[in-house]
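K.L.:
Below is the file model13.csv, with CSV, C-alpha atoms.
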```
chain,number,residue,atom,x,y,z
Q,387,MET,CA,-29.4,-8.5,12.1
Q,388,LYS,CA,-25.8,-7.6,13.1
Q,389,LEU,CA,-24.5,-5.1,10.7
Q,390,ALA,CA,-20.8,-4.9,10.4
Q,391,SER,CA,-18.7,-6.5,13.1
Q,392,VAL,CA,-17.4,-8.9,10.6
Q,393,PHE,CA,-17.1,-6.3,7.9
Q,394,LEU,CA,-15.2,-4.1,10.3
Q,395,LEU,CA,-12.6,-6.8,11.0
Q,396,PHE,CA,-12.0,-7.6,7.4
Q,397,ALA,CA,-12.0,-4.0,6.3
Q,398,PHE,CA,-9.2,-3.1,8.8
Q,399,SER,CA,-7.3,-6.3,8.1
Q,400,ALA,CA,-7.5,-5.7,4.3
Q,401,ALA,CA,-6.3,-2.1,4.7
Q,402,LEU,CA,-3.4,-3.2,6.8
Q,403,LEU,CA,-2.4,-6.3,4.9
Q,404,ALA,CA,-2.6,-4.4,1.6
Q,405,GLY,CA,0.6,-2.7,2.6
Q,406,CYS,CA,2.5,-5.9,3.1
Q,407,GLY,CA,5.0,-7.0,0.6
Q,408,ARG,CA,4.3,-4.4,-2.0
Q,409,ASP,CA,6.9,-2.5,-3.9
Q,410,GLU,CA,4.6,0.0,-5.5
Q,411,ALA,CA,4.5,3.5,-3.9
Q,412,PRO,CA,1.1,4.5,-2.6
Q,413,VAL,CA,-1.1,6.5,-4.8
Q,414,ARG,CA,-0.8,10.2,-3.9
Q,415,PRO,CA,-3.8,12.4,-4.8
Q,416,ALA,CA,-2.6,15.5,-6.5
Q,417,ASP,CA,-3.0,19.0,-5.2
Q,418,ILE,CA,-4.3,18.2,-1.7
Q,419,SER,CA,-2.7,20.5,0.8
Q,420,ASP,CA,-2.3,19.8,4.5
Q,421,GLU,CA,-4.8,22.5,5.2
Q,422,VAL,CA,-8.4,21.9,6.4
Q,423,VAL,CA,-10.4,20.4,3.6
Q,424,ALA,CA,-13.7,20.1,5.5
Q,425,ARG,CA,-15.4,20.9,8.8
Q,426,VAL,CA,-18.1,18.8,10.4
Q,427,GLY,CA,-19.5,20.7,13.4
Q,428,ARG,CA,-16.3,21.6,15.3
Q,429,ARG,CA,-14.2,18.9,13.9
Q,430,GLU,CA,-11.7,19.6,11.1
Q,431,ILE,CA,-10.8,17.1,8.4
Q,432,THR,CA,-7.3,17.9,7.1
Q,433,GLY,CA,-5.7,17.3,3.7
Q,434,LEU,CA,-3.3,14.9,5.5
Q,435,GLN,CA,-6.2,12.8,6.8
Q,436,LEU,CA,-7.7,12.7,3.3
Q,437,ARG,CA,-4.4,11.7,1.7
Q,438,GLU,CA,-3.9,8.9,4.2
Q,439,ALA,CA,-7.5,7.6,3.7
Q,440,VAL,CA,-7.1,7.7,-0.1
Q,441,ASN,CA,-3.8,5.9,0.1
Q,442,ARG,CA,-5.2,3.1,2.3
Q,443,TYR,CA,-8.2,2.7,0.1
Q,444,SER,CA,-6.2,2.8,-3.1
Q,445,SER,CA,-3.7,0.2,-1.8
Q,446,SER,CA,-6.6,-2.1,-0.8
Q,447,MET,CA,-8.2,-1.8,-4.2
Q,448,MET,CA,-4.9,-2.5,-6.1
Q,449,GLN,CA,-4.3,-5.5,-3.8
Q,450,ARG,CA,-7.6,-6.9,-5.3
Q,451,GLY,CA,-6.5,-6.1,-8.8
Q,452,GLN,CA,-8.7,-3.0,-9.1
Q,453,GLN,CA,-7.8,0.5,-10.1
Q,454,PRO,CA,-9.0,3.5,-8.0
Q,455,PRO,CA,-11.5,5.7,-9.8
Q,456,PRO,CA,-10.3,9.1,-11.1
Q,457,ASP,CA,-12.5,11.0,-8.6
Q,458,ILE,CA,-11.4,9.0,-5.6
Q,459,GLU,CA,-10.4,12.1,-3.5
Q,460,ASN,CA,-13.9,13.5,-3.7
Q,461,THR,CA,-15.5,10.1,-3.0
Q,462,ILE,CA,-13.3,9.5,0.0
Q,463,LEU,CA,-13.8,13.1,1.3
Q,464,ARG,CA,-17.6,12.6,1.1
Q,465,LEU,CA,-17.3,9.3,3.0
Q,466,LEU,CA,-15.1,10.9,5.7
Q,467,VAL,CA,-17.7,13.7,6.1
Q,468,GLU,CA,-20.6,11.2,6.3
Q,469,SER,CA,-18.7,9.0,8.7
Q,470,GLU,CA,-17.9,12.0,11.0
Q,471,LEU,CA,-21.6,13.0,11.0
Q,472,LEU,CA,-22.5,9.4,12.1
Q,473,TYR,CA,-19.8,9.4,14.7
Q,474,GLN,CA,-21.0,12.7,16.2
Q,475,ALA,CA,-24.5,11.3,16.3
Q,476,GLY,CA,-23.1,8.3,18.1
Q,477,GLY,CA,-21.4,10.6,20.6
Q,478,ARG,CA,-24.9,11.4,22.0
Q,479,MET,CA,-25.6,7.7,22.7
Q,480,GLN,CA,-24.6,5.3,25.5
Q,481,ILE,CA,-22.9,2.3,23.9
Q,482,PRO,CA,-22.5,-0.5,26.5
Q,483,GLY,CA,-19.2,-2.4,26.4
Q,484,LEU,CA,-17.7,-0.2,23.8
Q,485,GLU,CA,-14.1,-0.2,25.1
Q,486,ASP,CA,-14.2,-4.0,25.6
Q,487,GLU,CA,-15.3,-4.4,22.0
Q,488,VAL,CA,-12.5,-2.1,20.8
Q,489,GLU,CA,-10.0,-4.3,22.5
Q,490,SER,CA,-11.6,-7.5,21.2
Q,491,HIS,CA,-11.5,-6.3,17.6
Q,492,TYR,CA,-7.9,-5.1,18.0
Q,493,ARG,CA,-6.9,-8.5,19.3
Q,494,GLN,CA,-8.5,-10.2,16.4
Q,495,ILE,CA,-6.6,-8.0,13.9
Q,496,ALA,CA,-3.3,-8.4,15.8
Q,497,GLY,CA,-3.9,-12.2,15.8
Q,498,GLN,CA,-3.5,-12.3,12.1
Q,499,PHE,CA,0.1,-11.3,12.4
Q,500,PRO,CA,2.9,-13.6,13.5
Q,501,SER,CA,4.3,-11.1,16.0
Q,502,THR,CA,3.6,-7.8,17.6
Q,503,GLU,CA,6.7,-6.4,15.9
Q,504,GLN,CA,5.3,-7.3,12.4
Q,505,LEU,CA,1.9,-5.7,13.2
Q,506,GLU,CA,3.6,-2.5,14.4
Q,507,GLU,CA,5.8,-2.4,11.3
Q,508,VAL,CA,2.8,-2.7,9.0
Q,509,LEU,CA,1.0,-0.1,11.0
Q,510,ARG,CA,4.0,2.2,10.7
Q,511,GLN,CA,4.0,1.7,7.0
Q,512,GLN,CA,0.4,2.8,7.0
Q,513,GLY,CA,1.1,5.9,9.2
Q,514,LEU,CA,-0.6,4.3,12.2
Q,515,THR,CA,0.3,3.2,15.7
Q,516,PRO,CA,-1.6,0.6,17.9
Q,517,GLU,CA,-3.2,3.5,19.7
Q,518,LEU,CA,-4.4,5.2,16.4
Q,519,LEU,CA,-5.7,1.9,15.1
Q,520,LYS,CA,-7.7,1.5,18.3
Q,521,GLU,CA,-9.1,5.0,17.8
Q,522,ASP,CA,-10.1,4.1,14.2
Q,523,ILE,CA,-11.7,0.9,15.4
Q,524,LYS,CA,-13.7,2.8,18.1
Q,525,ARG,CA,-14.9,5.3,15.5
Q,526,GLU,CA,-16.1,2.5,13.2
Q,527,LEU,CA,-17.8,0.7,16.0
Q,528,VAL,CA,-19.7,3.8,17.0
Q,529,VAL,CA,-20.7,4.5,13.4
Q,530,ASN,CA,-21.8,0.9,13.0
Q,531,HIS,CA,-23.9,1.2,16.2
Q,532,VAL,CA,-25.6,4.3,14.9
Q,533,ILE,CA,-26.4,2.6,11.5
Q,534,GLN,CA,-27.6,-0.5,13.3
Q,535,THR,CA,-29.8,1.1,15.9
Q,536,GLN,CA,-31.1,4.2,14.0
Q,537,ILE,CA,-31.5,2.6,10.5
Q,538,TYR,CA,-31.3,-1.2,10.2
Q,539,ASP,CA,-33.3,-1.9,13.4
Q,540,ARG,CA,-36.0,0.5,12.2
Q,541,ILE,CA,-36.5,-0.9,8.7
Q,542,GLU,CA,-39.8,-2.8,8.4
Q,543,VAL,CA,-40.1,-5.9,6.2
Q,544,THR,CA,-43.6,-7.4,5.9
Q,545,ASP,CA,-44.4,-11.1,5.5
Q,546,GLU,CA,-45.9,-10.2,2.1
Q,547,GLU,CA,-42.6,-8.8,0.9
Q,548,ILE,CA,-40.7,-11.8,2.0
Q,549,GLU,CA,-43.2,-14.2,0.4
Q,550,GLU,CA,-43.2,-12.2,-2.9
Q,551,PHE,CA,-39.4,-12.2,-3.0
Q,552,TYR,CA,-39.3,-16.0,-2.3
Q,553,ARG,CA,-41.8,-16.7,-5.2
Q,554,GLU,CA,-39.9,-14.5,-7.6
Q,555,ASN,CA,-36.4,-15.7,-6.7
Q,556,ARG,CA,-37.0,-19.3,-5.5
Q,557,GLU,CA,-34.7,-21.0,-8.1
Q,558,GLN,CA,-31.9,-18.6,-7.3
Q,559,LEU,CA,-32.0,-19.7,-3.6
Q,560,HIS,CA,-30.6,-23.1,-4.4
Q,561,ARG,CA,-27.7,-23.8,-2.1
Q,562,PRO,CA,-25.1,-26.5,-1.9
Q,563,GLU,CA,-24.7,-28.9,1.0
Q,564,MET,CA,-23.2,-26.9,3.9
Q,565,LEU,CA,-21.8,-27.4,7.3
Q,566,SER,CA,-21.9,-25.1,10.3
Q,567,ILE,CA,-18.4,-25.4,11.8
Q,568,ARG,CA,-16.5,-24.3,14.9
Q,569,HIS,CA,-12.8,-24.9,15.3
Q,570,ILE,CA,-9.9,-24.1,17.6
Q,571,LEU,CA,-6.5,-23.4,16.0
Q,572,ILE,CA,-3.2,-23.9,17.8
Q,573,SER,CA,-0.7,-22.2,15.5
Q,574,VAL,CA,2.6,-23.8,14.5
Q,575,ASP,CA,5.3,-21.2,13.6
Q,576,PRO,CA,7.3,-21.9,11.6
Q,577,PRO,CA,5.0,-24.3,9.7
Q,578,GLY,CA,6.3,-27.9,9.8
Q,579,ASP,CA,8.3,-27.5,12.9
Q,580,GLU,CA,8.1,-31.0,14.4
Q,581,GLU,CA,8.5,-30.0,18.0
Q,582,GLN,CA,5.8,-27.3,17.8
Q,583,GLN,CA,3.6,-29.7,15.9
Q,584,ALA,CA,3.9,-32.2,18.6
Q,585,ALA,CA,3.1,-29.6,21.3
Q,586,ALA,CA,0.1,-28.3,19.3
Q,587,ARG,CA,-1.2,-31.9,18.8
Q,588,GLU,CA,-0.9,-32.5,22.5
Q,589,LYS,CA,-2.8,-29.2,23.2
Q,590,ILE,CA,-5.6,-30.2,20.9
Q,591,VAL,CA,-5.9,-33.6,22.6
Q,592,GLU,CA,-6.1,-31.8,26.0
Q,593,LEU,CA,-8.8,-29.3,24.8
Q,594,SER,CA,-10.8,-32.1,23.3
Q,595,ARG,CA,-10.7,-34.0,26.6
Q,596,ARG,CA,-11.8,-30.8,28.5
Q,597,ILE,CA,-14.7,-30.3,26.1
Q,598,GLU,CA,-15.8,-34.0,26.5
Q,599,GLU,CA,-15.7,-33.5,30.2
Q,600,GLY,CA,-18.1,-30.6,30.0
Q,601,GLU,CA,-16.2,-27.4,29.4
Q,602,SER,CA,-17.5,-24.9,26.8
Q,603,PHE,CA,-16.1,-25.2,23.3
Q,604,ASP,CA,-16.8,-21.5,22.8
Q,605,ASP,CA,-14.9,-20.4,26.0
Q,606,LEU,CA,-11.9,-22.6,25.1
Q,607,ALA,CA,-11.8,-21.2,21.6
Q,608,ALA,CA,-11.9,-17.7,22.9
Q,609,GLU,CA,-9.0,-18.5,25.2
Q,610,TYR,CA,-6.7,-20.6,23.1
Q,611,SER,CA,-7.6,-20.3,19.4
Q,612,ALA,CA,-5.1,-18.4,17.2
Q,613,CYS,CA,-7.8,-17.8,14.6
Q,614,PRO,CA,-9.7,-14.5,14.6
Q,615,SER,CA,-12.9,-16.7,14.9
Q,616,GLY,CA,-11.9,-17.6,18.4
Q,617,ALA,CA,-13.5,-14.4,19.7
Q,618,GLY,CA,-16.8,-15.7,18.4
Q,619,GLY,CA,-16.4,-19.2,20.0
Q,620,GLY,CA,-14.5,-20.5,16.9
Q,621,ASP,CA,-17.6,-20.1,14.7
Q,622,LEU,CA,-16.8,-20.2,11.0
Q,623,GLY,CA,-20.5,-20.1,10.0
Q,624,LEU,CA,-21.8,-22.1,7.1
Q,625,VAL,CA,-19.1,-23.5,4.9
Q,626,SER,CA,-19.5,-25.4,1.6
Q,627,ARG,CA,-17.0,-27.7,-0.1
Q,628,GLY,CA,-13.9,-25.9,-1.5
Q,629,GLN,CA,-13.9,-23.0,0.9
Q,630,THR,CA,-11.4,-24.4,3.4
Q,631,ASP,CA,-8.0,-26.1,3.4
Q,632,ALA,CA,-8.2,-29.6,1.8
Q,633,ASP,CA,-7.2,-31.4,4.9
Q,634,PHE,CA,-9.5,-29.3,7.1
Q,635,GLU,CA,-12.3,-30.0,4.7
Q,636,GLU,CA,-11.8,-33.8,4.6
Q,637,ALA,CA,-11.8,-34.0,8.4
Q,638,ALA,CA,-14.9,-31.7,8.8
Q,639,TRP,CA,-17.0,-33.4,6.2
Q,640,ASN,CA,-16.4,-36.8,7.7
Q,641,LEU,CA,-17.8,-35.7,11.1
Q,642,GLU,CA,-21.3,-36.3,12.5
Q,643,VAL,CA,-23.2,-33.3,13.9
Q,644,GLY,CA,-21.8,-32.6,17.4
Q,645,GLU,CA,-18.8,-34.9,17.0
Q,646,LEU,CA,-15.2,-33.6,17.7
Q,647,SER,CA,-12.4,-34.3,15.3
Q,648,GLY,CA,-9.0,-35.5,16.4
Q,649,PRO,CA,-6.1,-33.2,15.8
Q,650,VAL,CA,-6.1,-31.9,12.2
Q,651,SER,CA,-2.9,-30.6,10.7
Q,652,THR,CA,-2.9,-27.8,8.1
Q,653,THR,CA,-0.4,-25.2,7.0
Q,654,PHE,CA,-2.0,-22.9,9.6
Q,655,GLY,CA,-1.3,-25.2,12.5
Q,656,MET,CA,-3.3,-27.8,14.4
Q,657,HIS,CA,-7.1,-27.7,14.6
Q,658,LEU,CA,-9.9,-29.1,16.7
Q,659,ILE,CA,-13.1,-29.2,14.6
Q,660,ARG,CA,-16.8,-29.6,15.6
Q,661,VAL,CA,-19.7,-29.6,13.2
Q,662,ASP,CA,-22.8,-28.0,14.7
Q,663,GLU,CA,-25.2,-28.4,11.8
Q,664,ARG,CA,-25.5,-30.0,8.4
Q,665,GLN,CA,-27.7,-28.4,5.7
Q,666,ASP,CA,-28.6,-30.6,2.7
Q,667,GLU,CA,-28.3,-29.4,-0.9
Q,668,GLY,CA,-31.4,-27.9,-2.4
Q,669,ILE,CA,-33.9,-25.0,-2.3
Q,670,PRO,CA,-34.9,-24.1,1.2
Q,671,THR,CA,-38.5,-23.8,2.1
Q,672,LEU,CA,-40.0,-20.4,2.7
Q,673,GLU,CA,-39.9,-20.9,6.5
Q,674,GLU,CA,-36.3,-22.0,6.3
Q,675,ALA,CA,-35.3,-19.0,4.3
Q,676,ARG,CA,-37.5,-16.4,6.0
Q,677,GLU,CA,-35.0,-14.8,8.3
Q,678,GLU,CA,-32.3,-14.8,5.7
Q,679,LEU,CA,-34.6,-13.1,3.2
Q,680,ARG,CA,-35.7,-10.6,5.7
Q,681,GLU,CA,-32.1,-9.6,6.3
Q,682,PHE,CA,-31.5,-9.4,2.5
Q,683,ILE,CA,-34.5,-7.2,1.9
Q,684,ILE,CA,-33.4,-4.9,4.8
Q,685,GLY,CA,-30.0,-4.7,3.1
Q,686,GLN,CA,-31.6,-3.6,-0.1
Q,687,LYS,CA,-33.6,-0.9,1.7
Q,688,ALA,CA,-30.7,0.3,3.9
Q,689,PRO,CA,-28.7,2.5,1.5
Q,690,GLU,CA,-31.6,4.9,0.9
Q,691,LYS,CA,-32.4,5.0,4.6
Q,692,ILE,CA,-28.8,5.7,5.5
Q,693,GLN,CA,-28.7,8.6,3.1
Q,694,GLU,CA,-31.9,10.0,4.4
Q,695,TYR,CA,-30.5,9.8,8.0
Q,696,ILE,CA,-27.3,11.5,6.9
Q,697,ASN,CA,-29.3,14.3,5.2
Q,698,THR,CA,-31.1,14.8,8.5
Q,699,LEU,CA,-27.8,15.0,10.4
Q,700,ARG,CA,-26.6,17.6,7.8
Q,701,GLN,CA,-29.5,19.8,8.9
Q,702,GLU,CA,-28.4,19.5,12.6
Q,703,ILE,CA,-24.6,19.6,12.2
Q,704,GLU,CA,-23.0,22.2,10.0
Q,705,VAL,CA,-20.8,20.9,7.2
Q,706,GLU,CA,-18.4,22.9,5.1
Q,707,THR,CA,-16.1,21.5,2.5
Q,708,TYR,CA,-13.2,23.4,0.9
Q,709,PHE,CA,-11.7,20.8,-1.5
Q,710,SER,CA,-12.8,19.8,-5.0
Q,711,GLY,CA,-10.5,17.4,-6.8
```
Since I need it in another form, could you write the structure as structure tokens?
P.N.:
Amino acid sequence: MKLASVFLLFAFSAALLAGCGRDEAPVRPADISDEVVARVGRREITGLQLREAVNRYSSSMMQRGQQPPPDIENTILRLLVESELLYQAGGRMQIPGLEDEVESHYRQIAGQFPSTEQLEEVLRQQGLTPELLKEDIKRELVVNHVIQTQIYDRIEVTDEEIEEFYRENREQLHRPEMLSIRHILISVDPPGDEEQQAAAREKIVELSRRIEEGESFDDLAAEYSACPSGAGGGDLGLVSRGQTDADFEEAAWNLEVGELSGPVSTTFGMHLIRVDERQDEGIPTLEEAREELREFIIGQKAPEKIQEYINTLRQEIEVETYFSG
């Protein structure tokens, strides 16, 4: 079970994009000075850091139509402290390929913006720079590694638990027909530009030919796709009807497993689509659902285990807090 690579990407993207096109001033927590509000080991957490974290989280919530809770400062400070505890625990570990993964996540986030200039402007509005964003990504990757290796990977789920959950929730496991889809996106900017559309269509035809001749779809997606999914070989996972652009959906659902589409035009650009698997509508068997249920049960057990681990770290690393909102 891979914990949070996808969550990480969407969390950062949501936090950044929440600042785009908004007239509202960010929520400013009252009575937070720029002095130290907490210490975790030798690292200080300042009021400025707390203010910035509250602003980003509040903006993200308001973008989703939600109001920040009245005790948001204390909640965010607790999360900052716990995150720092986990990060310091991660500092004791060797994490292979960490810097490469930081760059990969940064490129995925940057790829959601039309230009480097727009990304940097949004970062500036959020009080960030590309370097600071990479530092944040690194911290989150380290924290995720700790949670994955020290908690998720150590949670045991028995076959009896899985079978009991299946018996008790079988009807709720009904799923619609779904496709496992990969795609390569060649962007067209501005949308509708006939010259760029023609060039994108030609590129899709070329990539399709190269795949038919034996080149890897995954490798070409990683090299050419403008979609963040490109880093994962263009994998969109399992998709049901109504989850994608109408033209994309029509093309995908008319493909046989393993078949490549022709160029498919949407508002995002030109796509090359491949269906890797088709799952029929219905209730999966126990064996079909076993691994999915195992991961779900692990997710149910994880919050308590995470808190236990954090409490253990608090006994090893001194924590002091000086703020109460």
K.L.:
Which is closer to Q:Ala475 than all the others in Q:Leu571, Q:Leu436, Q:Val532, Q:Leu622, using only C-alpha atoms?
P.N.:
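Ranked by minimum distance to Q:Ala475, first place goes to Q:Val532.
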K.L.:
Can you tell me, as a list in words, what residues are no more than 8 Å from stretch 573-589 of chain Q when counting all atoms listed in the file, ignoring any on the same chain fewer than 2 positions away?
P.N.:
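What passes the distance filter is Pro500, Leu571, Val591, Glu592, Leu593, Ala612, Pro649, Thr653, Phe654, Gly655 and Met656 of chain Q.
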K.L.:
Enter the distance from atom CA of Q:Lys520 to atom CA of Q:Ile570, in Å, rounded to one decimal.
P.N.:
25.7 Å
K.L.:
Counting all atoms listed in the file, what is within 10 Å of Q:Ala617, bar same-chain residues fewer than 3 positions away, as number ranges by chain?
P.N.:
Q: 490-491, 493-494, 604-614, 620-621
K.L.:
Restricting the calculation to all atoms listed in the file, which member of Q:Arg478, Q:Arg627, Q:Arg595, Q:His560 is positioned closest to Q:Val528?
P.N.:
Q:Arg478
K.L.:
To one decimal in Å, tell me the separation between atom CA of Q:Asn697 and atom CA of Q:Thr432.
P.N.:
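So the two atoms, atom CA of Q:Asn697 and atom CA of Q:Thr432, lie 22.4 Å apart.
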K.L.:
How far is it from atom CA of Q:Met447 to atom CA of Q:Asn460, in Å with one decimal?
P.N.:
16.3 Å
K.L.:
Which of these residues is nearest to Q:Glu598, using all atoms listed in the file: Q:Arg676, Q:Arg553, Q:Arg660, Q:Arg437?
P.N.:
Q:Arg660
K.L.:
For Q:Asp539, which of Q:Glu681, Q:Asp522, Q:Glu563, Q:Glu635 is the closest residue, counting all atoms listed in the file?
P.N.:
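Closest candidate: Q:Glu681.
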K.L.:
Go through Q:Glu506, Q:Glu673, Q:Glu542, Q:Glu645 and flag the residue nearest Q:Lys687, using all atoms listed in the file for the distances.
P.N.:
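Looking only at the distances to Q:Lys687, the closest residue turns out to be Q:Glu542.
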K.L.:
Quick one: everything within 8 Å of Q:Ser594, counting all atoms listed in the file, minus sequence neighbours fewer than 6 positions away in the same chain. Send it as a list of chain:residue names.
P.N.:
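My reading of the contact set: Q:Leu646, Q:Gly648, Q:Leu658.
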K.L.:
Report as a VMD selection string all protein, DNA and RNA residues lying within 7 Å of Q:Met564, evaluated on all atoms listed in the file, omitting residues in the same chain fewer than 2 positions from it.
P.N.:
chain Q and resid 562 566 624 to 626 664 to 666
K.L.:
May I have the residues within 12 Å of Q:Glu674 as number ranges by chain, using all atoms listed in the file and disregarding those fewer than 4 positions away in the same chain?
P.N.:
Q: 548-549, 552, 559, 665, 668-670, 678-680
K.L.:
Select, from Q:Phe709, Q:Thr535, Q:Gly628, Q:Gly623, the residue with the minimum atom-to-atom distance to Q:Ile462, counting all atoms listed in the file.
P.N.:
Q:Phe709
K.L.:
For a quick check of your reading of the model, name the residues lying within 10 Å of the coordinate (-24.1, -36.8, 16.1), counting only C-alpha atoms, and write them as a list in words.
P.N.:
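Answer for this query, in the requested form: Leu641, Glu642, Val643, Gly644, Glu645, Leu646, Val661, Asp662 and Glu663 of chain Q.
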K.L.:
Suppose we keep C-alpha atoms; can you now write the selection as a compact mmCIF listing (two decimals), keeping the file's coordinate frame?
P.N.:
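Full text of again_18.txt as output:
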```txt
# COMPACT_ATOMS: atom_id res chain seq x y z
CA LEU Q 641 -17.80 -35.70 11.10
CA GLU Q 642 -21.30 -36.30 12.50
CA VAL Q 643 -23.20 -33.30 13.90
CA GLY Q 644 -21.80 -32.60 17.40
CA GLU Q 645 -18.80 -34.90 17.00
CA LEU Q 646 -15.20 -33.60 17.70
CA VAL Q 661 -19.70 -29.60 13.20
CA ASP Q 662 -22.80 -28.00 14.70
CA GLU Q 663 -25.20 -28.40 11.80
```
K.L.:
Please rebuild stretch 670-686 of chain Q with N, CA and C atoms and return the result as a short mmCIF file (atom, residue, chain, number, x, y, z; two decimals), in the frame of the given file.
P.N.:
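Result saved to selection_33.cif:
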```cif
data_model
loop_
_atom_site.label_atom_id
_atom_site.label_comp_id
_atom_site.auth_asym_id
_atom_site.auth_seq_id
_atom_site.Cartn_x
_atom_site.Cartn_y
_atom_site.Cartn_z
N PRO Q 670 -34.22 -24.09 -0.08
CA PRO Q 670 -34.90 -24.10 1.20
C PRO Q 670 -36.35 -23.73 1.11
N THR Q 671 -37.13 -24.17 2.08
CA THR Q 671 -38.50 -23.80 2.10
C THR Q 671 -38.63 -22.30 2.51
N LEU Q 672 -39.81 -21.75 2.33
CA LEU Q 672 -40.00 -20.40 2.70
C LEU Q 672 -39.68 -20.14 4.18
N GLU Q 673 -40.13 -21.05 5.04
CA GLU Q 673 -39.90 -20.90 6.50
C GLU Q 673 -38.40 -20.99 6.79
N GLU Q 674 -37.69 -21.89 6.11
CA GLU Q 674 -36.30 -22.00 6.30
C GLU Q 674 -35.51 -20.77 5.88
N ALA Q 675 -36.00 -20.13 4.84
CA ALA Q 675 -35.30 -19.00 4.30
C ALA Q 675 -35.79 -17.65 4.79
N ARG Q 676 -36.86 -17.65 5.60
CA ARG Q 676 -37.50 -16.40 6.00
C ARG Q 676 -36.61 -15.37 6.57
N GLU Q 677 -35.86 -15.74 7.59
CA GLU Q 677 -35.00 -14.80 8.30
C GLU Q 677 -33.88 -14.27 7.38
N GLU Q 678 -33.32 -15.18 6.61
CA GLU Q 678 -32.30 -14.80 5.70
C GLU Q 678 -32.79 -13.80 4.64
N LEU Q 679 -34.01 -14.05 4.13
CA LEU Q 679 -34.60 -13.10 3.20
C LEU Q 679 -34.96 -11.81 3.80
N ARG Q 680 -35.41 -11.84 5.06
CA ARG Q 680 -35.70 -10.60 5.70
C ARG Q 680 -34.46 -9.71 5.82
N GLU Q 681 -33.34 -10.32 6.18
CA GLU Q 681 -32.10 -9.60 6.30
C GLU Q 681 -31.65 -9.05 4.90
N PHE Q 682 -31.85 -9.87 3.86
CA PHE Q 682 -31.50 -9.40 2.50
C PHE Q 682 -32.29 -8.24 2.07
N ILE Q 683 -33.58 -8.27 2.34
CA ILE Q 683 -34.50 -7.20 1.90
C ILE Q 683 -34.10 -5.90 2.74
N ILE Q 684 -33.80 -6.08 4.03
CA ILE Q 684 -33.40 -4.90 4.80
C ILE Q 684 -32.10 -4.33 4.20
N GLY Q 685 -31.17 -5.18 3.78
CA GLY Q 685 -30.00 -4.70 3.10
C GLY Q 685 -30.24 -3.93 1.86
N GLN Q 686 -31.26 -4.34 1.14
CA GLN Q 686 -31.60 -3.60 -0.10
C GLN Q 686 -32.20 -2.24 0.23
#
```
